[in-house]
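Below is one structure; the comments refer to it alone.
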Amino acid sequence: MKTAILGGGLTGVTLAHLLSKQGEDILVLEQDSHIGGLCKSITTDGFTFDIGGSHIIFSRDQEVLSFMHQVLEENRGERKRDTKIFYKNRYIKYPFENGLSELPKEDCFVCLNEFIRTLVAHEKGELKDPKNFSEWIYRTFGKGIAEAYLVPYNEKIWNYPLDQISAHWVEGRVPRPPVEDIIKAAVGVETEGYAHQAVFSYPVTGGIEALIEAIARPVSDRIRTGFTVTDIQKTGDGWEISNGTETIRADRLISTLPLQILQSCLSDLPEKVSTAISDLKYNSIVCVGIGMNGQTLPFSWMYIPEKEGTAANRISFPSNFSTEVAPDGCSSILAEITYNAGDQIDQMSDAEVVRETINALATAGILDPDQVRSALSVRHRFAYVVYDLAWQQNMKIIKEHFSSANISLVGRFSQFEYLNMDGVIRSVFDFVRSS
Ligand SMILES: Cc1cc2nc3c(=O)[nH]c(=O)nc-3n(C[C@H](O)[C@H](O)[C@H](O)COP(=O)(O)OP(=O)(O)OC[C@H]3O[C@@H](n4cnc5c(N)ncnc54)[C@H](O)[C@@H]3O)c2cc1C
């Protein structure tokens with residue numbers, strides 16, 4: 001029995017690795033000339049950038065974490081997180097609620113006071129369950145933290161109205177701190193939030209793509225790159241998968257492709273399913289890599305909630321993850337900007353995005369333009385799933401259809417969920433065990 005795996009990102013190569021270990025005959029079909037998807041890295045002028053956004057290895061899931069650590073072997077480095085939020089020209093400790101004492105005093109008071117007022121109202125049963133993400137933020141953190149950080153930052157990254165985003169996915173992902181920690185943070189007693197990420201791993205060489213390469217190594221002869229799936233037909237006892245010039249036959253089909261791409265390959269989708277897929281929301285990303293002479297800030301990454309200045313919601317400092325990703329005496333920054341078709345960023349050329357990013361970071365005092373010796377930008381159409389209010393209803397229709405059509409959906413944009421690398425590897429483990 002031959003299994004075709006559509007897409008050679010992290011999900012596709014992990015499926016291939018595990019299924020072939022079980023003795024299955026598999027073939028991965030990837031459109032790009034390289035595997036990796038969002039986890040691709042490129043090296044230019046001696047600087048290695050993760051061009052699908054900055055990636056670090058962390059997880060609460062010990063089995064998945066061990067898998068990632070084991071495949072990397074000696075190429076695994078470890079770093080202590082030192083992350084900041086850029087707020088009113090200050091570098092505030094992350095998560096924001098753990099850095100309250102670093103805010104201007106009046107802002108610290110407003111954040112603490114509003115947090116406690118909200119907590120009291122919650123304890124008295126005066127707050128209704130949040131109907132959307134915006135309400136969840138206000139009712140969990142209070143108006144102070146909401147308006148200083150969480151609302152502007154989330155508006156920037158999602159590029160979608162927060163009151164049109166569902167609240168069902170947030171629990172456990174956006175840190176919800178104990179009140180003692182907030183009070184400690186406000187009076188300046190050191191606390192650590194989001195502790196499972198306080199120490200993270202990163203490949204010593206090769207950027208995050210080294211993880212993908214390591215997972216793919218045992219099955220490299222079963223991966224076909226440069227094969228863009230354009231058409232999928234059900235035959236009597238299997239599938240025919242075509243790129244327009246060549247057709248591959250398989251008994252079983254697993255798709256890790258974004259649902260919108262899978263939709264375009266299937267000519268006979270029921271209208272209800274097609275409408276549900278078309279109605280799903282997502283955003284795109286442009287990543288700007290900047291290679292510099294000399295040193296940069298000593299941080300891991302930094303969130304930038306303010307809308308004035310750079311359009312980037314986050315910048316990271318890859319050369320602080322591993323010294324091997326920049327030439328000696330150099331450092332690097334990777335800026336992430338989300339956007340949607342037709343908006344201002346979409347209409348800017350890549351050169352304009354790079355120029356504006358460098359200028360804005362220079363104005364903010366984060367870099368000196370004279371340091372810059374290399375810069376690039378790369379776009380990805382599918383970056384983040386946006387959980388709009390119709391997501392649950394649409395996904396029910398989609399999942400039911402593909403389950404009855406015998407097309408397995410595994411992966412970030414195939415399951416259409418906000419899955420980090422550990423989440424997609426967990427999905428693959430569960431899928432392989434149940435198949
Ligand atoms: C900005 C950003 C930062 C992130 N940071 C982290 C982090 O720090 N830690 C973490 O754990 N996770 C992080 N993630 C999440 C991580 O990138 C994803 O969980 C993971 O890469 C998803 O892998 P995938 O294989 O499911 O999807 P993709 O990587 O999207 O793979 C899909 C593959 O399908 C291919 N494809 C598409 N169309 C076709 C076609 N027609 N024919 C053939 N092939 C096709 C694509 O080329 C691609 O290779 C981040 C994500 C983003 C966007």
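We name chains A, B, ... following the order of the structure tokens; residues begin at 1 in each chain, and ligands are numbered from 1 as shown.
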
Enumerate as a PyMOL selection string the residues within 6 Å of ligand 1, counting only C-alpha atoms and all ligand atoms. chain A and resi 6-12+29-32+35-39+52-57+227-230+256-257+261+383-384+411-412+419-422+424

Please produce an output containing N, CA and C atoms for each residue in the selection, written as an mmCIF file, in the first residue's frame.
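Final output, saved to again.cif:
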```
data_model
loop_
_atom_site.group_PDB
_atom_site.id
_atom_site.type_symbol
_atom_site.label_atom_id
_atom_site.label_comp_id
_atom_site.auth_asym_id
_atom_site.auth_seq_id
_atom_site.Cartn_x
_atom_site.Cartn_y
_atom_site.Cartn_z
ATOM 1 N N LEU A 6 1.044 14.904 0.984
ATOM 2 C CA LEU A 6 1.122 16.155 0.226
ATOM 3 C C LEU A 6 1.692 17.260 1.110
ATOM 4 N N GLY A 7 2.835 17.809 0.718
ATOM 5 C CA GLY A 7 3.476 18.886 1.473
ATOM 6 C C GLY A 7 4.671 18.368 2.254
ATOM 7 N N GLY A 8 5.797 19.069 2.123
ATOM 8 C CA GLY A 8 7.032 18.651 2.801
ATOM 9 C C GLY A 8 7.490 19.677 3.820
ATOM 10 N N GLY A 9 6.538 20.206 4.597
ATOM 11 C CA GLY A 9 6.896 21.027 5.756
ATOM 12 C C GLY A 9 7.174 20.101 6.931
ATOM 13 N N LEU A 10 7.200 20.655 8.126
ATOM 14 C CA LEU A 10 7.473 19.839 9.324
ATOM 15 C C LEU A 10 6.498 18.661 9.425
ATOM 16 N N THR A 11 5.216 18.915 9.162
ATOM 17 C CA THR A 11 4.231 17.836 9.290
ATOM 18 C C THR A 11 4.510 16.720 8.287
ATOM 19 N N GLY A 12 4.729 17.088 7.029
ATOM 20 C CA GLY A 12 4.945 16.086 5.979
ATOM 21 C C GLY A 12 6.171 15.228 6.261
ATOM 22 N N LEU A 29 5.245 14.729 -1.504
ATOM 23 C CA LEU A 29 5.252 15.610 -2.673
ATOM 24 C C LEU A 29 5.279 17.059 -2.212
ATOM 25 N N GLU A 30 6.367 17.742 -2.511
ATOM 26 C CA GLU A 30 6.551 19.122 -2.039
ATOM 27 C C GLU A 30 6.767 20.042 -3.245
ATOM 28 N N GLN A 31 6.063 21.175 -3.222
ATOM 29 C CA GLN A 31 6.141 22.075 -4.386
ATOM 30 C C GLN A 31 7.487 22.806 -4.501
ATOM 31 N N ASP A 32 8.050 23.130 -3.374
ATOM 32 C CA ASP A 32 9.251 23.955 -3.372
ATOM 33 C C ASP A 32 10.487 23.109 -3.725
ATOM 34 N N ILE A 35 12.567 21.283 1.215
ATOM 35 C CA ILE A 35 11.574 20.956 2.231
ATOM 36 C C ILE A 35 11.613 22.030 3.326
ATOM 37 N N GLY A 36 10.610 21.996 4.212
ATOM 38 C CA GLY A 36 10.666 22.894 5.381
ATOM 39 C C GLY A 36 9.451 23.783 5.571
ATOM 40 N N GLY A 37 8.807 24.207 4.474
ATOM 41 C CA GLY A 37 7.635 25.077 4.621
ATOM 42 C C GLY A 37 7.971 26.309 5.462
ATOM 43 N N LEU A 38 7.189 26.537 6.496
ATOM 44 C CA LEU A 38 7.413 27.698 7.367
ATOM 45 C C LEU A 38 8.717 27.578 8.160
ATOM 46 N N CYS A 39 9.267 26.368 8.212
ATOM 47 C CA CYS A 39 10.508 26.161 8.986
ATOM 48 C C CYS A 39 11.750 26.201 8.097
ATOM 49 N N GLY A 52 10.473 31.810 7.654
ATOM 50 C CA GLY A 52 9.030 31.730 7.948
ATOM 51 C C GLY A 52 8.749 32.327 9.318
ATOM 52 N N GLY A 53 9.655 33.128 9.823
ATOM 53 C CA GLY A 53 9.513 33.720 11.162
ATOM 54 C C GLY A 53 10.462 33.040 12.121
ATOM 55 N N SER A 54 10.780 33.747 13.184
ATOM 56 C CA SER A 54 11.738 33.227 14.155
ATOM 57 C C SER A 54 11.162 31.995 14.854
ATOM 58 N N HIS A 55 11.928 30.918 14.902
ATOM 59 C CA HIS A 55 11.467 29.667 15.508
ATOM 60 C C HIS A 55 12.384 29.230 16.646
ATOM 61 N N ILE A 56 11.791 28.887 17.774
ATOM 62 C CA ILE A 56 12.562 28.247 18.846
ATOM 63 C C ILE A 56 11.881 26.934 19.202
ATOM 64 N N ILE A 57 12.646 26.042 19.828
ATOM 65 C CA ILE A 57 12.123 24.718 20.176
ATOM 66 C C ILE A 57 11.790 24.702 21.666
ATOM 67 N N PHE A 227 7.469 19.370 -6.917
ATOM 68 C CA PHE A 227 6.225 18.757 -7.426
ATOM 69 C C PHE A 227 5.039 19.531 -6.823
ATOM 70 N N THR A 228 4.456 20.414 -7.632
ATOM 71 C CA THR A 228 3.304 21.199 -7.163
ATOM 72 C C THR A 228 2.022 20.442 -7.482
ATOM 73 N N VAL A 229 1.341 19.987 -6.448
ATOM 74 C CA VAL A 229 0.088 19.255 -6.660
ATOM 75 C C VAL A 229 -0.965 20.238 -7.188
ATOM 76 N N THR A 230 -1.543 19.915 -8.341
ATOM 77 C CA THR A 230 -2.559 20.813 -8.898
ATOM 78 C C THR A 230 -3.913 20.114 -9.058
ATOM 79 N N THR A 256 -1.119 17.688 4.029
ATOM 80 C CA THR A 256 -0.668 18.688 5.010
ATOM 81 C C THR A 256 -0.747 20.079 4.370
ATOM 82 N N LEU A 257 -1.352 20.150 3.180
ATOM 83 C CA LEU A 257 -1.445 21.427 2.461
ATOM 84 C C LEU A 257 -2.457 22.335 3.138
ATOM 85 N N ILE A 261 -5.460 25.404 -0.578
ATOM 86 C CA ILE A 261 -4.734 24.821 -1.716
ATOM 87 C C ILE A 261 -5.363 23.475 -2.072
ATOM 88 N N ALA A 383 0.454 32.233 7.217
ATOM 89 C CA ALA A 383 1.282 32.407 8.422
ATOM 90 C C ALA A 383 0.514 31.990 9.668
ATOM 91 N N TYR A 384 -0.594 32.684 9.947
ATOM 92 C CA TYR A 384 -1.384 32.390 11.151
ATOM 93 C C TYR A 384 -2.838 32.096 10.772
ATOM 94 N N GLY A 411 -1.658 18.809 10.125
ATOM 95 C CA GLY A 411 -0.762 19.964 9.961
ATOM 96 C C GLY A 411 -1.448 21.273 10.257
ATOM 97 N N ARG A 412 -0.634 22.320 10.345
ATOM 98 C CA ARG A 412 -1.112 23.632 10.798
ATOM 99 C C ARG A 412 -2.262 24.185 9.945
ATOM 100 N N LEU A 419 -1.198 25.740 15.489
ATOM 101 C CA LEU A 419 -0.302 24.712 16.009
ATOM 102 C C LEU A 419 1.135 25.152 15.857
ATOM 103 N N ASN A 420 1.877 25.143 16.960
ATOM 104 C CA ASN A 420 3.316 25.335 16.872
ATOM 105 C C ASN A 420 3.961 24.013 16.464
ATOM 106 N N MET A 421 5.285 24.003 16.370
ATOM 107 C CA MET A 421 5.946 22.774 15.912
ATOM 108 C C MET A 421 5.595 21.598 16.814
ATOM 109 N N ASP A 422 5.540 21.843 18.114
ATOM 110 C CA ASP A 422 5.206 20.724 19.013
ATOM 111 C C ASP A 422 3.775 20.247 18.768
ATOM 112 N N VAL A 424 2.109 20.305 15.870
ATOM 113 C CA VAL A 424 1.974 19.486 14.664
ATOM 114 C C VAL A 424 2.637 18.120 14.872
#
```

Residues within 10 Å of segment 306-316 of chain A, please, as JSON, numbers by chain. Count only C-alpha atoms; anything in the same chain fewer than 3 positions from it doesn't count. {"A": [53, 54, 55, 83, 84, 85, 86, 87, 88, 148, 149, 152, 153, 154, 155, 156, 157, 158, 285, 286, 287, 288, 289, 297, 299, 300, 301, 302, 303, 319, 320, 321, 332, 333, 334, 335, 336, 337, 338, 339, 345, 353, 356, 357, 358, 359, 360, 361, 362, 363, 364]}

Hey, what does DSSP flag as alpha helix (DSSP H) within segment 181-405 of chain A? Can you give it to me as an MDAnalysis selection string? chainID A and resid 181:187 209:216 259:265 271:278 344:347 350:363 391:404

Mind checking which residues fall within 8 Å of Thr14 of chain A, counting only C-alpha atoms, ignoring those fewer than 2 positions away in the same chain, and posting them as an MDAnalysis selection string? chainID A and resid 10:12 16:18 215:216 425 428

Export N, CA and C atoms of the chosen residues as a PDB file, in the first residue's frame?
```pdb
ATOM      1  N   LEU A  10       7.200  20.655   8.126  1.00  0.00           N
ATOM      2  CA  LEU A  10       7.473  19.839   9.324  1.00  0.00           C
ATOM      3  C   LEU A  10       6.498  18.661   9.425  1.00  0.00           C
ATOM      4  N   THR A  11       5.216  18.915   9.162  1.00  0.00           N
ATOM      5  CA  THR A  11       4.231  17.836   9.290  1.00  0.00           C
ATOM      6  C   THR A  11       4.510  16.720   8.287  1.00  0.00           C
ATOM      7  N   GLY A  12       4.729  17.088   7.029  1.00  0.00           N
ATOM      8  CA  GLY A  12       4.945  16.086   5.979  1.00  0.00           C
ATOM      9  C   GLY A  12       6.171  15.228   6.261  1.00  0.00           C
ATOM     10  N   ALA A  16       6.380  11.236   7.233  1.00  0.00           N
ATOM     11  CA  ALA A  16       7.200  10.316   6.429  1.00  0.00           C
ATOM     12  C   ALA A  16       8.157   9.532   7.328  1.00  0.00           C
ATOM     13  N   HIS A  17       8.811  10.243   8.240  1.00  0.00           N
ATOM     14  CA  HIS A  17       9.779   9.630   9.167  1.00  0.00           C
ATOM     15  C   HIS A  17       9.108   8.501   9.956  1.00  0.00           C
ATOM     16  N   LEU A  18       7.952   8.802  10.546  1.00  0.00           N
ATOM     17  CA  LEU A  18       7.328   7.820  11.450  1.00  0.00           C
ATOM     18  C   LEU A  18       6.622   6.692  10.697  1.00  0.00           C
ATOM     19  N   ILE A 215      14.948  15.407  10.724  1.00  0.00           N
ATOM     20  CA  ILE A 215      13.787  14.495  10.732  1.00  0.00           C
ATOM     21  C   ILE A 215      13.675  13.800   9.372  1.00  0.00           C
ATOM     22  N   ALA A 216      13.989  14.547   8.306  1.00  0.00           N
ATOM     23  CA  ALA A 216      13.804  14.009   6.942  1.00  0.00           C
ATOM     24  C   ALA A 216      14.926  13.061   6.515  1.00  0.00           C
ATOM     25  N   ILE A 425       3.725  18.088  15.624  1.00  0.00           N
ATOM     26  CA  ILE A 425       4.362  16.774  15.863  1.00  0.00           C
ATOM     27  C   ILE A 425       3.434  15.909  16.729  1.00  0.00           C
ATOM     28  N   VAL A 428       0.916  14.471  14.484  1.00  0.00           N
ATOM     29  CA  VAL A 428       1.474  13.372  13.688  1.00  0.00           C
ATOM     30  C   VAL A 428       1.576  12.110  14.548  1.00  0.00           C
TER      31      VAL A 428
END
```

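Residues in contact range of Ile165 of chain A, defined as at most 7 Å between only C-alpha atoms, with sequence neighbours fewer than 5 positions away removed, read Asn132, Phe133, Tyr387, Asp388 and Leu389 of chain A.
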
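Distance-wise, atom CA of Asn283 of chain A and atom CA of Ala341 of chain A end up 8.4 Å apart.
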
Between atom CA of Val325 of chain A and atom CA of Ile92 of chain A, what is the distance, to one decimal in Å? 26.2 Å
